[in-house]
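Text of run.csv, listed as CSV, C-alpha atoms:
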chain,number,residue,atom,x,y,z
A,1,MET,CA,78.6,126.6,102.7
A,2,THR,CA,77.6,123.6,104.8
A,3,GLN,CA,80.0,121.5,106.8
A,4,ASN,CA,79.5,118.7,104.3
A,5,ASN,CA,80.5,120.8,101.3
A,6,LYS,CA,83.6,122.0,103.1
A,7,TRP,CA,84.8,118.4,103.4
A,8,THR,CA,85.9,118.1,99.8
A,9,PHE,CA,87.6,115.0,98.6
A,10,LYS,CA,90.9,116.6,97.9
A,11,THR,CA,91.1,118.3,101.3
A,12,MET,CA,90.2,115.0,102.9
A,13,LEU,CA,93.0,113.0,101.2
A,14,VAL,CA,95.6,115.7,101.6
A,15,SER,CA,94.8,115.9,105.3
A,16,ILE,CA,94.9,112.1,105.7
A,17,VAL,CA,98.2,111.7,103.8
A,18,THR,CA,99.9,114.4,105.7
A,19,THR,CA,98.8,113.2,109.1
A,20,LEU,CA,99.6,109.5,108.4
A,21,ILE,CA,103.1,110.3,107.1
A,22,VAL,CA,103.8,112.1,110.4
A,23,LEU,CA,102.5,109.3,112.4
A,24,GLY,CA,104.3,106.6,110.4
A,25,LEU,CA,101.3,105.7,108.2
A,26,ILE,CA,99.4,104.3,111.2
A,27,PHE,CA,96.2,104.2,109.1
A,28,LEU,CA,98.0,103.9,105.8
A,29,ILE,CA,97.3,106.3,103.0
A,30,THR,CA,93.5,106.3,102.5
A,31,GLY,CA,91.8,106.1,105.9
A,32,TYR,CA,90.7,103.6,108.4
A,33,PRO,CA,92.0,100.1,107.8
A,34,ASN,CA,90.1,97.0,108.9
A,35,ASN,CA,91.9,95.1,111.6
A,36,ASN,CA,89.5,92.2,111.7
A,37,LYS,CA,90.7,88.7,110.9
A,38,THR,CA,88.2,88.0,108.2
A,39,ASN,CA,89.4,87.8,104.6
A,40,LEU,CA,89.0,91.3,103.1
A,41,THR,CA,90.7,90.7,99.7
A,42,PRO,CA,93.9,92.5,100.4
A,43,VAL,CA,95.9,94.2,97.8
A,44,ASN,CA,98.7,92.1,96.5
A,45,THR,CA,101.6,93.8,94.7
A,46,ASN,CA,105.0,93.0,93.3
A,47,THR,CA,108.2,94.5,92.0
A,48,PRO,CA,108.4,98.0,90.6
A,49,THR,CA,109.4,98.9,87.1
A,50,THR,CA,111.7,101.6,85.9
A,51,PRO,CA,111.1,104.0,82.9
A,52,ASN,CA,113.4,102.0,80.6
A,53,ASN,CA,112.7,98.5,81.8
A,54,THR,CA,109.1,97.4,81.1
A,55,THR,CA,109.5,93.8,80.2
A,56,ASN,CA,111.9,90.9,80.8
A,57,ASN,CA,113.2,88.3,78.4
A,58,ASN,CA,110.3,86.0,79.2
A,59,ASN,CA,107.7,88.6,78.5
A,60,ASP,CA,105.8,87.6,81.6
A,61,THR,CA,106.3,90.7,83.8
A,62,ILE,CA,106.5,94.4,83.6
A,63,THR,CA,109.4,94.7,86.0
A,64,ASN,CA,113.1,94.1,86.2
A,65,ASN,CA,115.4,94.3,89.2
A,66,THR,CA,116.3,97.9,90.2
A,67,SER,CA,119.1,99.4,92.0
A,68,ASN,CA,118.6,100.3,95.7
A,69,LYS,CA,120.4,103.6,95.2
A,70,ASP,CA,117.2,105.3,94.1
A,71,ILE,CA,113.5,104.8,95.0
A,72,VAL,CA,111.3,103.9,92.1
A,73,VAL,CA,107.5,104.0,92.6
A,74,THR,CA,105.4,102.3,90.0
A,75,ILE,CA,101.6,102.9,90.1
A,76,ILE,CA,99.5,100.5,88.1
A,77,ASP,CA,96.1,102.1,87.2
A,78,ASP,CA,93.1,101.2,85.1
A,79,LYS,CA,91.7,104.0,82.9
A,80,ARG,CA,88.2,102.4,83.1
A,81,CYS,CA,88.1,103.3,86.8
A,82,VAL,CA,86.2,106.7,87.0
A,83,ASN,CA,86.7,107.3,90.7
A,84,CYS,CA,90.2,105.9,91.4
A,85,ASN,CA,91.6,109.4,91.6
A,86,THR,CA,95.0,108.1,90.7
A,87,ASP,CA,96.4,111.5,89.7
A,88,LEU,CA,95.6,112.8,93.2
A,89,LEU,CA,97.1,109.7,94.8
A,90,GLU,CA,100.4,110.2,92.9
A,91,GLU,CA,100.4,113.9,93.8
A,92,ASN,CA,100.0,113.0,97.5
A,93,LEU,CA,102.6,110.3,97.4
A,94,LYS,CA,105.1,112.8,95.9
A,95,GLN,CA,104.5,115.0,99.0
A,96,ALA,CA,105.7,112.3,101.3
A,97,PRO,CA,109.1,113.1,102.8
A,98,PHE,CA,110.3,109.5,102.4
A,99,LEU,CA,109.5,109.6,98.6
A,100,LYS,CA,110.9,113.1,98.0
A,101,ASN,CA,113.5,112.1,95.4
A,102,ALA,CA,111.6,109.0,94.1
A,103,LYS,CA,111.1,108.4,90.4
A,104,PHE,CA,107.4,107.8,89.6
A,105,VAL,CA,106.3,105.5,86.8
A,106,ARG,CA,102.6,105.0,85.7
A,107,LYS,CA,101.3,101.9,84.0
A,108,ASP,CA,97.8,101.1,82.8
A,109,PHE,CA,96.0,97.8,83.0
A,110,SER,CA,95.6,98.0,79.2
A,111,ASP,CA,99.4,98.4,78.6
A,112,LYS,CA,101.3,95.5,77.0
A,113,TRP,CA,102.0,92.7,79.5
A,114,VAL,CA,100.5,94.6,82.4
A,115,GLU,CA,97.3,92.4,82.6
A,116,LYS,CA,99.5,89.3,82.5
A,117,PHE,CA,101.7,90.6,85.2
A,118,VAL,CA,98.8,91.6,87.4
A,119,LYS,CA,97.3,88.1,87.1
A,120,LYS,CA,100.6,86.4,87.7
A,121,GLU,CA,101.3,88.4,90.9
A,122,LYS,CA,97.6,88.0,92.1
A,123,ILE,CA,97.1,91.8,92.3
A,124,SER,CA,93.4,91.9,92.9
A,125,LEU,CA,92.7,95.6,93.2
A,126,LEU,CA,93.9,98.8,91.5
A,127,PRO,CA,95.5,101.2,91.7
A,128,ALA,CA,98.5,99.3,93.0
A,129,VAL,CA,101.6,101.0,94.4
A,130,LEU,CA,104.9,99.2,94.0
A,131,LEU,CA,108.4,100.4,95.1
A,132,ASN,CA,111.9,99.2,95.6
A,133,LYS,CA,113.5,99.8,99.0
A,134,GLY,CA,115.9,102.4,97.8
A,135,LYS,CA,116.7,104.9,100.5
A,136,VAL,CA,113.4,104.7,102.3
A,137,ASP,CA,113.8,105.4,106.0
A,138,PRO,CA,114.2,102.1,107.9
A,139,SER,CA,111.5,103.3,110.3
A,140,MET,CA,109.0,102.7,107.5
A,141,ASP,CA,109.8,99.1,107.0
A,142,LYS,CA,106.9,97.9,109.1
A,143,TYR,CA,104.5,99.6,106.8
A,144,LEU,CA,105.9,97.9,103.7
A,145,THR,CA,105.3,94.3,102.5
A,146,LYS,CA,108.6,92.7,101.3
A,147,LEU,CA,108.3,91.0,97.9
A,148,ASP,CA,110.6,89.1,95.6
A,149,ASN,CA,113.9,90.6,94.5
A,150,ASN,CA,114.1,93.0,97.4
A,151,ASN,CA,111.1,95.0,96.3
A,152,TYR,CA,108.1,96.2,98.4
A,153,SER,CA,104.4,97.1,98.2
A,154,LEU,CA,102.6,99.9,99.9
A,155,ALA,CA,98.9,99.3,100.8
A,156,ILE,CA,96.8,102.2,99.8
A,157,GLY,CA,93.2,100.9,100.1
A,158,ALA,CA,92.7,100.2,96.4
A,159,LYS,CA,89.2,99.2,95.4
A,160,PHE,CA,88.9,98.7,91.6
A,161,ASN,CA,88.9,95.1,90.5
A,162,PRO,CA,89.8,94.9,86.8
A,163,PHE,CA,88.6,91.4,86.4
A,164,VAL,CA,85.1,91.4,87.7
A,165,LYS,CA,81.9,91.4,85.6
A,166,ARG,CA,80.7,94.9,84.7
A,167,SER,CA,77.7,96.4,83.0
A,168,ASP,CA,77.8,98.4,79.7
A,169,LYS,CA,78.1,101.5,81.9
A,170,TRP,CA,81.1,99.9,83.7
A,171,PHE,CA,79.2,99.4,87.0
A,172,LEU,CA,80.0,96.4,89.1
A,173,MET,CA,77.2,93.7,89.2
A,174,LEU,CA,75.4,92.0,92.0
A,175,ASN,CA,73.2,89.0,91.4
A,176,LYS,CA,69.5,89.0,92.4
A,177,LYS,CA,70.1,86.4,95.2
A,178,GLU,CA,72.7,88.6,96.9
A,179,LEU,CA,70.5,91.7,96.7
A,180,THR,CA,67.5,89.8,98.1
A,181,LYS,CA,69.6,88.5,101.0
A,182,ILE,CA,70.7,92.0,101.9
A,183,LYS,CA,67.1,93.3,101.9
A,184,ASP,CA,65.6,90.4,103.8
A,185,ASN,CA,68.0,90.8,106.7
A,186,SER,CA,67.9,94.6,106.9
A,187,PHE,CA,65.8,97.5,108.1
A,188,ILE,CA,64.8,99.6,105.1
A,189,HIS,CA,64.5,103.4,105.4
A,190,TRP,CA,62.2,105.4,103.0
A,191,LYS,CA,60.4,103.6,100.1
A,192,LYS,CA,61.0,99.9,100.2
A,193,ASP,CA,60.6,99.3,96.5
A,194,ALA,CA,62.7,102.3,95.4
A,195,LYS,CA,64.8,101.9,92.3
A,196,ILE,CA,68.1,102.9,94.0
A,197,THR,CA,69.4,101.6,97.4
A,198,TRP,CA,72.0,103.4,99.4
A,199,LEU,CA,73.6,100.6,101.4
A,200,GLU,CA,75.9,101.9,104.2
A,201,TYR,CA,78.3,99.9,106.3
A,202,SER,CA,78.9,101.8,109.5
A,203,ASP,CA,80.0,101.8,113.1
A,204,LEU,CA,78.1,103.7,115.8
A,205,GLU,CA,81.4,104.7,117.4
A,206,CYS,CA,82.9,106.0,114.1
A,207,PRO,CA,83.4,109.8,114.0
A,208,PHE,CA,83.5,109.9,110.2
A,209,CYS,CA,80.2,108.0,110.0
A,210,ALA,CA,78.8,110.6,112.3
A,211,LYS,CA,80.2,113.3,110.0
A,212,LEU,CA,78.3,111.9,107.1
A,213,HIS,CA,75.1,111.5,109.0
A,214,ASN,CA,75.3,114.9,110.6
A,215,SER,CA,75.9,116.6,107.2
A,216,SER,CA,73.2,117.6,104.8
A,217,THR,CA,73.8,114.6,102.6
A,218,PRO,CA,71.0,112.3,103.9
A,219,ASN,CA,68.4,115.0,103.7
A,220,ASP,CA,69.7,116.3,100.4
A,221,LEU,CA,69.5,112.9,98.8
A,222,GLU,CA,66.0,112.2,100.2
A,223,THR,CA,64.7,115.5,98.9
A,224,LYS,CA,66.2,115.2,95.4
A,225,TYR,CA,65.3,111.6,94.7
A,226,GLY,CA,62.2,111.0,96.8
A,227,ASP,CA,60.6,107.6,96.1
A,228,LYS,CA,63.5,106.6,93.8
A,229,LEU,CA,65.8,106.1,96.8
A,230,ASN,CA,65.9,104.1,100.0
A,231,GLN,CA,68.6,103.5,102.6
A,232,ILE,CA,69.9,100.4,104.3
A,233,TYR,CA,72.3,100.5,107.3
A,234,ASN,CA,74.4,97.4,107.9
A,235,HIS,CA,76.8,96.9,110.8
A,236,PHE,CA,80.6,97.0,110.4
A,237,PRO,CA,82.0,97.5,113.9
A,238,LEU,CA,85.7,98.3,113.7
A,239,ASN,CA,87.6,96.3,116.3
A,240,PHE,CA,89.7,99.2,117.6
A,241,HIS,CA,86.4,100.9,118.7
A,242,LYS,CA,85.9,99.3,122.1
A,243,ASP,CA,82.1,99.6,122.2
A,244,ALA,CA,81.3,99.2,118.5
A,245,LEU,CA,80.4,95.5,118.5
A,246,LYS,CA,78.2,95.8,121.6
A,247,ALA,CA,76.6,99.0,120.3
A,248,ALA,CA,75.6,97.1,117.1
A,249,GLN,CA,74.1,94.3,119.1
A,250,ALA,CA,72.3,96.9,121.3
A,251,LEU,CA,70.7,98.4,118.3
A,252,GLU,CA,69.4,95.0,117.3
A,253,CYS,CA,68.2,94.4,120.8
A,254,ILE,CA,66.4,97.7,120.9
A,255,MET,CA,64.5,96.8,117.8
A,256,GLU,CA,63.5,93.5,119.4
A,257,GLN,CA,61.3,95.5,121.8
A,258,LYS,CA,59.7,97.3,118.9
A,259,TRP,CA,57.6,94.2,118.1
A,260,LYS,CA,56.4,95.4,114.7
A,261,TRP,CA,60.0,95.9,113.5
A,262,HIS,CA,59.6,99.6,113.1
A,263,ASP,CA,62.2,100.5,110.5
A,264,GLU,CA,61.9,104.2,111.2
A,265,ASP,CA,62.8,103.6,114.9
A,266,PHE,CA,65.9,101.9,113.8
A,267,TYR,CA,67.0,104.9,111.8
A,268,THR,CA,65.9,107.3,114.6
A,269,MET,CA,68.4,105.7,117.0
A,270,ILE,CA,71.2,105.8,114.4
A,271,LYS,CA,70.5,109.5,113.6
A,272,GLU,CA,70.2,110.5,117.3
A,273,SER,CA,73.3,108.5,118.3
A,274,TYR,CA,75.5,110.2,115.6
A,275,LYS,CA,74.0,113.5,116.6
A,276,LYS,CA,75.0,113.1,120.2
A,277,TYR,CA,78.2,111.1,119.9
A,278,TRP,CA,80.0,112.7,117.0
A,279,ASN,CA,83.5,113.4,118.4
A,280,ASN,CA,84.9,110.1,119.6
A,281,ASN,CA,82.8,110.4,122.7
A,282,PHE,CA,80.5,107.3,122.3
A,283,ASP,CA,79.5,105.7,125.6
A,284,LEU,CA,77.4,102.5,125.7
A,285,ASN,CA,75.6,103.3,128.9
A,286,TRP,CA,74.6,106.7,127.5
A,287,PHE,CA,73.4,104.9,124.3
A,288,TYR,CA,71.1,102.9,126.5
A,289,ASP,CA,69.8,106.1,128.1
A,290,LEU,CA,69.3,107.6,124.7
A,291,ALA,CA,67.2,104.6,123.6
A,292,LYS,CA,65.0,105.1,126.7
A,293,GLU,CA,64.6,108.7,126.0
A,294,LYS,CA,63.8,108.4,122.3
A,295,LEU,CA,61.9,105.1,122.1
A,296,ASN,CA,60.8,104.4,125.7
A,297,VAL,CA,62.4,100.9,125.7
A,298,ASP,CA,63.3,98.8,128.8
A,299,ILE,CA,67.0,99.4,129.4
A,300,ASP,CA,67.4,96.3,131.6
A,301,LYS,CA,66.0,94.1,128.8
A,302,ILE,CA,68.4,95.7,126.4
A,303,LYS,CA,71.4,95.0,128.6
A,304,SER,CA,70.3,91.4,129.2
A,305,CYS,CA,69.9,90.9,125.4
A,306,VAL,CA,73.4,92.4,124.7
A,307,LYS,CA,74.9,90.2,127.4
A,308,SER,CA,73.4,87.1,125.9
A,309,GLU,CA,75.1,88.0,122.5
A,310,LYS,CA,72.1,86.7,120.6
A,311,TYR,CA,72.7,89.1,117.8
A,312,LYS,CA,76.5,88.9,117.7
A,313,GLU,CA,76.4,86.3,114.9
A,314,LYS,CA,74.1,88.5,112.8
A,315,VAL,CA,76.4,91.5,113.2
A,316,LEU,CA,79.6,89.6,112.5
A,317,SER,CA,78.0,88.0,109.5
A,318,GLU,CA,77.0,91.3,108.0
A,319,GLN,CA,80.6,92.4,108.5
A,320,SER,CA,82.5,89.4,107.1
A,321,VAL,CA,80.2,88.2,104.3
A,322,TRP,CA,79.7,91.6,102.7
A,323,ALA,CA,83.2,92.7,103.4
A,324,ASN,CA,84.3,90.2,100.8
A,325,THR,CA,81.4,91.1,98.4
A,326,PHE,CA,81.9,94.8,98.5
A,327,GLY,CA,85.5,95.0,99.7
A,328,VAL,CA,84.6,96.9,102.9
A,329,THR,CA,87.7,97.8,104.8
A,330,TRP,CA,86.7,100.9,106.9
A,331,THR,CA,83.7,103.0,107.6
A,332,PRO,CA,81.6,104.6,106.3
A,333,TRP,CA,81.5,102.4,103.2
A,334,ASN,CA,78.6,103.3,100.9
A,335,VAL,CA,77.3,101.1,98.2
A,336,LEU,CA,74.8,102.5,95.7
A,337,ILE,CA,72.7,99.8,94.0
A,338,ASN,CA,70.2,99.8,91.1
A,339,ASN,CA,67.6,97.3,92.3
A,340,GLU,CA,66.4,96.7,88.7
A,341,THR,CA,69.6,96.1,86.9
A,342,TRP,CA,71.7,95.0,90.0
A,343,GLU,CA,74.5,97.5,89.0
A,344,TYR,CA,76.3,99.1,91.9
A,345,ALA,CA,79.2,101.4,92.7
A,346,VAL,CA,81.1,102.1,96.0
A,347,ILE,CA,81.8,105.4,97.7
A,348,SER,CA,84.2,104.7,100.5
A,349,TRP,CA,84.2,107.6,103.0
A,350,ALA,CA,82.2,110.6,104.1
A,351,TYR,CA,81.9,112.2,100.7
A,352,PRO,CA,79.9,115.3,99.9
A,353,THR,CA,76.4,115.1,98.4
A,354,SER,CA,77.6,115.8,94.9
A,355,GLU,CA,79.7,112.6,94.8
A,356,PHE,CA,76.6,110.5,95.6
A,357,GLU,CA,74.5,112.4,93.1
A,358,LYS,CA,77.0,111.7,90.3
A,359,ILE,CA,76.7,108.0,90.8
A,360,ILE,CA,72.9,107.9,91.5
A,361,ASP,CA,72.2,110.0,88.4
A,362,LYS,CA,74.2,107.6,86.2
A,363,LEU,CA,72.6,104.5,87.8
A,364,LEU,CA,69.1,106.0,87.0
A,365,LYS,CA,69.9,106.5,83.3
What does this structure look like when you write it as structure tokens?
Amino acid sequence: MTQNNKWTFKTMLVSIVTTLIVLGLIFLITGYPNNNKTNLTPVNTNTPTTPNNTTNNNNDTITNNTSNKDIVVTIIDDKRCVNCNTDLLEENLKQAPFLKNAKFVRKDFSDKWVEKFVKKEKISLLPAVLLNKGKVDPSMDKYLTKLDNNNYSLAIGAKFNPFVKRSDKWFLMLNKKELTKIKDNSFIHWKKDAKITWLEYSDLECPFCAKLHNSSTPNDLETKYGDKLNQIYNHFPLNFHKDALKAAQALECIMEQKWKWHDEDFYTMIKESYKKYWNNNFDLNWFYDLAKEKLNVDIDKIKSCVKSEKYKEKVLSEQSVWANTFGVTWTPWNVLINNETWEYAVISWAYPTSEFEKIIDKLLK
């Protein structure tokens, strides 16, 4: 069994939840948060419901006030979301010590009054987790967002927008202009006019991005889909990685010396960098040396280029503009796109090959 296959989705989430509970939800429930100041469409939530109180007298909400004697957790889901994994989310939340005796309530977007409630409270992404304060340990206060009526929300990296336009197969939709802009400003790996594009938002200092690239997934997908698939790498430097922004600029500066814009050289540097710096050991000076070794570029010119920050705007633009388009909040963030129908789906993390295949196969139908 390969390293990639061992990293199953369930193992990943259970590991993350357990670790984050112990550390006080430093990275929340689902992984790396984005600490940038750009608007990343945050999850807005409101008051929880109880099993016996689903509407108020005005019929405009699904919640009523609850007693602080007990913790009530309400999860608002959408049965149309095929990869929200809400059952697993609830299972993991129930394992949290501070929710040990909580009452859990599930609501679906299609339930009576739920859609109206979600709109009113400006909840933009599902599943949403709502809870009253109850007996939650006071040390957890800083990880909860206080709402009306002494209720709270817990951010869990939700990603399903129940209001956006979708295809007959329930894929999200890009428009041709957006897709063209992505391609015109990116290096494309493999066949340029392939039917499917694997668009990845990554950070050269990110260990989970390295995990994905060092797994069998890239080779497996290239082997299976051949000319039907290409790959695009866009920058998303997380601001708690001290060299990530400069590394992204350095990668652009390296390509400046490859005067024919050799796309393969761009991906060679990414592959070799993740291969060498896979365990939180990225070093910018070593990255320069690696570029010299693999591509025979002038290191002094690269350093001068990075110092000038001539590509900083391009890097930050990729980060902010598409963060709002695709909801990118951490890395790796993978977007699988049908270039003919403009349908797309998101895989947010270092998933095994099989998860990519499920979506690509459906996009190809």
Closest of A:Asp289, A:Asp87, A:Asp141, A:Glu200 to Ser186 of chain A, counting only C-alpha atoms, is A:Glu200
If I take atom CA of Cys253 of chain A and atom CA of Trp278 of chain A, how far is one from the other in Å, to one decimal?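 Atom CA of Trp278 of chain A lies 22.1 Å from atom CA of Cys253 of chain A.
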From the list A:His241, A:Lys294, A:His235, A:Lys362, the nearest residue to Trp170 of chain A using only C-alpha atoms is A:Lys362
Exercise. List every protein, DNA or RNA residue with an atom no more than 6 Å from (66.9, 104.6, 97.6) in the file's coordinates, counting only C-alpha atoms, and format the result as a ChimeraX atom specification.
Key: /A:194,196-198,228-231
Sel. within 7 Å of pt (102.6, 100.2, 91.9), counting all atoms listed in the file, output as a CSV table (one decimal) with C-alpha atoms, in the coordinates of the input:
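The file below, selection_1.csv, is the result:
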chain,number,residue,atom,x,y,z
A,48,PRO,CA,108.4,98.0,90.6
A,73,VAL,CA,107.5,104.0,92.6
A,74,THR,CA,105.4,102.3,90.0
A,75,ILE,CA,101.6,102.9,90.1
A,76,ILE,CA,99.5,100.5,88.1
A,128,ALA,CA,98.5,99.3,93.0
A,129,VAL,CA,101.6,101.0,94.4
A,130,LEU,CA,104.9,99.2,94.0
A,131,LEU,CA,108.4,100.4,95.1
Atom CA of Leu245 of chain A and atom CA of Leu336 of chain A are how many Å apart?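 Spanning atom CA of Leu245 of chain A to atom CA of Leu336 of chain A is a straight-line distance of 24.5 Å.
Comparing A:Lys258, A:Gly327, A:Ser304, A:His213 by their smallest distance to Ser124 of chain A, the closest is A:Gly327 (using only C-alpha atoms).
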